[in-house]
Amino acid sequence: MKLISLKLVNYRRFQGEHKIEFASDPKKNVTLIRAENGAGKTGILMALLFGLFGVVKYDQFQIENDDDIMVSRPLLTLGSTVKAKVEIEFIDNDSNYKVIREVTANNINGTISQNSDDIKVWFYKDGINQNRTRDEIDKFMNNMIAENIRGFLFFDGVRYMDLFKNSKHESKKELKKIIEKMLNINDLDETIKALDLLMKQVSNETNDRKLASKLRNTLNDIEKHSQEIDDLNLQLEEKEKFNIETQNTYDDQKRKANEIEEYRSVLEEIKSNEDLIKQSEFELQKEMGDLKLDAKSILKSRIHSTKGKINYNIFREYSMKSDDNTNVIRWVLNSNKCICGDDLSTDKRGYLEKQLDVATKSDYIPSIGNNFNYIIDEIERSSKDNKNQFNDYYDLIDKLISKIDSLKKENFILHEQIPFEGLKVQELIDNNNENLGMLMERINSNKIDIDKWKLETELLRDKIDKLEVVKDQVQGDIAELNNEKYKYDLYSSTKTNLLKLKEEYLIEAQQNISQKANEFFKRLLSEDDKESISELKINSEYQIQAFNNYKQEIFADLSAGQKLLASMAFTMGLTAVASSAKPTTNFPLVMDTPMSNLDKSNRSRLIQTMPEAVIQWILTPMDTELTDFEINEFDKTERVGKVYLLKKNNELSEIKLIDNLSELKEVIR
Amino acid sequence: MNDIKNQKLKNDINQKLSKKESELSLRILNSIEINGSINQQELSKIARELEGEEL
């Protein structure tokens with residue numbers, strides 16, 4: 001089955017006519033419907049469920065409002081009657097189908113009401129109106145996608161996370177219910193219940209006091225133990241619920257701890273930078289000192305280097321007047337003339353300024369004024385050795401200064417990344433570790449209680465099993481007295497055989513679902529994750545389990561994202577078993593807020609894997625789930641055929657078709 | 001989907017249970033209403049019929 005289009009007329013937030021065409025090309029099978037919060041993304045899914053199956057109660061979505069009005073509310077002015085219409089086109093077995101459903105609401109004296117029982121339906125096959133009743137259409141659609149797997153095909157990320165939380169009692173019950181319904185175990189259970197009733201009918205009453213009392217006592221004991229089990233289960237549920245909550249808090253804290261740890265590495269980097277800065281500053285000081293010590297000869301060499309066309313007299317005159325050779329340089333700088341008479345070039349000027357700076361800071365610069373000739377000689381001599389020394393010093397110093405500068409800049413950026421004061425990190429880490437330890441302790445002590453109660457429950461079940469045997473014997477005896485033994489035995493053996501059949505079904509389903517979920521999980525997991533998670537399984541208690549390479553159960557240790565992937569894999573496994581297909585399904589998969597719990601790498605895995613695994617993938621991500629990153633990932637798959645944007649405008653929303661992913665990026669920017 | 005699964009259930013009942021047992025099971029299965037519960041009247045009828053068949 002493939003969805004072709006969805007047309008909404010005055011439906012919920014979508015006033016007037018809106019149409020979404022779904023990507024249905026095998027190579028471009030992904031439809032993205034990006035929505036800001038509250039823009040009606042869940043409404044799109046509800047429209048699909050309503051249009052296809054006539055569903056008006058949406059168990060799979062977290063909707064609190066019972067008074068669910070499908071007609072666009074702003075249109076329902078006082079005294080008005082307004083129709084909302086949902087039209088869905090789809091292809092199945094090479095035929096084109098169209099279902100149209102129309103619902104009416106009115107506003108009488110300010111009270112808005114909608115008659116959900118009076119929904120008009122039209123059904124077309126290959127363009128021809130089939131003139132079918134609503135019941136017939138519903139039955140037809142139900143045959144196509146049975147109710148029991150609908151919940152998995154119209155997938156709410158948030159709800160499924162809840163369903164698959166490890167060891168959650170209600171989740172297990174819920175899963176058990178879903179799987180049994182899927183396998184039609186319900187019918188089998190009902191048949192077994194009916195046989196019980198029949199057995200009772202032929203064995204309940206007797207004049208034999210002894211047998212009657214034995215039966216009564218046995219039934220009472222069974223009842224008593226069942227009650228005890230129920231009580232224990234209630235306590236268990238409470239403890240397990242508490243542990244789930246504690247585990248969630250633990251996970252949150254752990255996540256925070258990891259975040260802090262992450263900053264710790266940033267801080268370590270800052271620290272190591274600071275050490276480097278200190279070391280470089282030390283080296284710099286040393287080089288500066290050396291430079292100062294050598295400044296005399298260097299200065300001479302610099303003067304010498306400009307000596308070529310030296311205006312000897314001016315230099316002589318000036319130097320005779322000066323008692324400090326730095327004045328020579330000052331004079332050159334002030335006059336902006338080189339000793340040779342040319343204007344000072346910027347380079348030369350800079351050079352001299354630096355030289356002056358070094359020279360004035362030095363205590364070792366002798367006056368050259370009075371021994372000019374001697375100094376000129378010395379300049380001649382020393383310049384041969386010192387010609388490049390200043391350059392070397394300067395280069396080294398320059399490098400050190402740049403290094404210090406860049407380390408300081410780097411540290412400034414690193415500091416910016418840390419949302420709290422660096423010094424507090426260790427404190428935060430210590431606090432967190434303490435909290436984590438405390439939470440784990442609480443979880444573990446609860447686990448001891450849970451295990452104890454589970455054992456008690458098992459013992460009680462054993463007792464009940466034994467009592468059931470006694471009950472069967474007594475009932476058999478009574479049936480014999482009532483001349484109904486043959487009937488009783490037939491009922492009893494039928495029941496036993498049906499129970500065996502049920503057991504077989506469950507084991508088979510459990511194995512199949514396990515296997516298929518595992519196959520799919522492997523496709524969703526990253527290579528890294530695959531190294532630490534080797535298998536996904538569902539055990540006989542309908543509990544999802546994940547194992548590492550050492551066959552240790554590690555579901556509780558999975559990240560929230562991995563758990564969501566596990567639940568998706570499980571969903572696909574269930575769907576595949578229900579549709580007896582390979583771990584690809586021939587149904588479209590519609591996911592509401594599919595990625596809220598996934599980190600970037602898991603999101604990109606899901607984005608890569610899903611288009612290959614399902615015939616059609618329709619997603620209604622929140623704006624935060626479809627950022628540039630995810631859009632680029634989708635772009636890489638080249639699988640996205642249609643892109644829509646749900647825009648909120650007060651009470652209403654608009655559906656905007658976007659040409660391609662690049663345009664989507666532009667629009668959301 | 002339901003039909004297919006029920007068909008499998010019916011086949012399995014026929015194959016794995018004795019003739020009498022499968023007859024009885026299928027009668028009950030067929031008496032289960034669409035909403036999945038047992039139809040009491042049907043059940044009494046089945047019990048009476050079994051009597052008539054002089055088991």
# chains A, B, ... in the order shown; residues from 1 in each chain; ligands from 1

$ closest_atom_pairs --of "chain A" --to "chain B" --cutoff "9 Å" --atoms "only C-alpha atoms" --output "CSV"
residue,atom,partner,partner_atom,distance
A:Asn142,CA,B:Met1,CA,8.3
A:Asn143,CA,B:Met1,CA,5.9
A:Met144,CA,B:Met1,CA,7.5
A:Ile145,CA,B:Met1,CA,7.6
A:Ala146,CA,B:Met1,CA,6.1
A:Met182,CA,B:Asn2,CA,8.4
A:Leu183,CA,B:Lys5,CA,6.8
A:Asn184,CA,B:Lys5,CA,6.7
A:Asn186,CA,B:Gly36,CA,7.1
A:Asp187,CA,B:Gly36,CA,6.5
A:Leu188,CA,B:Leu29,CA,7.5
A:Glu190,CA,B:Ile38,CA,6.5
A:Thr191,CA,B:Ile28,CA,5.9
A:Ile192,CA,B:Ser25,CA,8.6
A:Lys193,CA,B:Ile38,CA,8.4
A:Ala194,CA,B:Ile38,CA,6.9
A:Leu195,CA,B:Ile28,CA,8.4
A:Leu197,CA,B:Leu43,CA,9.0
A:Leu198,CA,B:Ala47,CA,7.3
A:Tyr486,CA,B:Leu55,CA,7.0
A:Lys487,CA,B:Leu55,CA,6.9
A:Leu490,CA,B:Glu21,CA,6.6
A:Tyr491,CA,B:Glu21,CA,7.7
A:Ser493,CA,B:Glu21,CA,7.6
A:Thr494,CA,B:Glu21,CA,5.1
A:Lys495,CA,B:Ser25,CA,8.6
A:Asn497,CA,B:Leu17,CA,6.7
A:Leu498,CA,B:Ile13,CA,7.8
A:Leu501,CA,B:Asp12,CA,8.0
A:Ala578,CA,B:Met1,CA,8.0
A:Ser579,CA,B:Met1,CA,7.7

$ atom_distance --atom1 "CA of Ser280 in chain A" --atom2 "CA of Thr346 in chain A"
29.0 Å

$ closest_residue --among "A:Lys551, A:Lys200, A:Arg12, A:Arg132" --to "Glu484 in chain A" --atoms "only C-alpha atoms"
A:Lys200

$ atom_distance --atom1 "CA of Asn273 in chain A" --atom2 "CA of Leu407 in chain A"
6.0 Å

$ select_by_dssp --residues "range 63-261 of chain A" --states "helix (DSSP H, G or I)" --output "ChimeraX atom specification"
/A:73-75,134-144,147-153,157-163,169-182,185-203,209-261

$ atom_distance --atom1 "CA of Glu456 in chain A" --atom2 "CA of Asn444 in chain A"
18.4 Å

$ closest_residue --among "A:Leu558, A:Ile44, A:Ile185, A:Leu396" --to "Leu598 in chain A" --atoms "only C-alpha atoms"
A:Leu558

$ residues_around --residues "Phe242 in chain A" --least-positions-apart "5" --cutoff "12 Å" --atoms "only C-alpha atoms" --output "MDAnalysis selection string"
chainID A and resid 167:169 235:237 247:250 439 442:447 450

$ write_last_selection --atoms "C-alpha atoms" --output "PDB file, in the first residue's frame"
ATOM      1  CA  SER A 167      11.078  -3.813  33.069  1.00  0.00           C
ATOM      2  CA  LYS A 168       8.165  -1.422  33.252  1.00  0.00           C
ATOM      3  CA  HIS A 169       5.357  -3.625  34.363  1.00  0.00           C
ATOM      4  CA  GLN A 235       3.616  -3.527  44.968  1.00  0.00           C
ATOM      5  CA  LEU A 236       5.956  -4.689  42.227  1.00  0.00           C
ATOM      6  CA  GLU A 237       4.454  -2.237  39.799  1.00  0.00           C
ATOM      7  CA  GLN A 247      16.610   5.337  36.557  1.00  0.00           C
ATOM      8  CA  ASN A 248      15.433   8.296  34.473  1.00  0.00           C
ATOM      9  CA  THR A 249      16.799  10.720  37.042  1.00  0.00           C
ATOM     10  CA  TYR A 250      19.986   8.688  37.057  1.00  0.00           C
ATOM     11  CA  LEU A 439      20.529   6.932  42.987  1.00  0.00           C
ATOM     12  CA  ARG A 442      18.315   3.317  45.722  1.00  0.00           C
ATOM     13  CA  ILE A 443      17.739   1.419  42.476  1.00  0.00           C
ATOM     14  CA  ASN A 444      19.713  -1.556  43.710  1.00  0.00           C
ATOM     15  CA  SER A 445      17.970  -1.742  47.038  1.00  0.00           C
ATOM     16  CA  ASN A 446      14.644  -1.627  45.200  1.00  0.00           C
ATOM     17  CA  LYS A 447      15.848  -4.350  42.914  1.00  0.00           C
ATOM     18  CA  ILE A 450      11.619  -6.611  43.407  1.00  0.00           C
TER      19      ILE A 450
END

$ closest_residue --among "A:Leu525, A:Ala479, A:Val590, A:Ile108" --to "Gln608 in chain A" --atoms "only C-alpha atoms"
A:Leu525
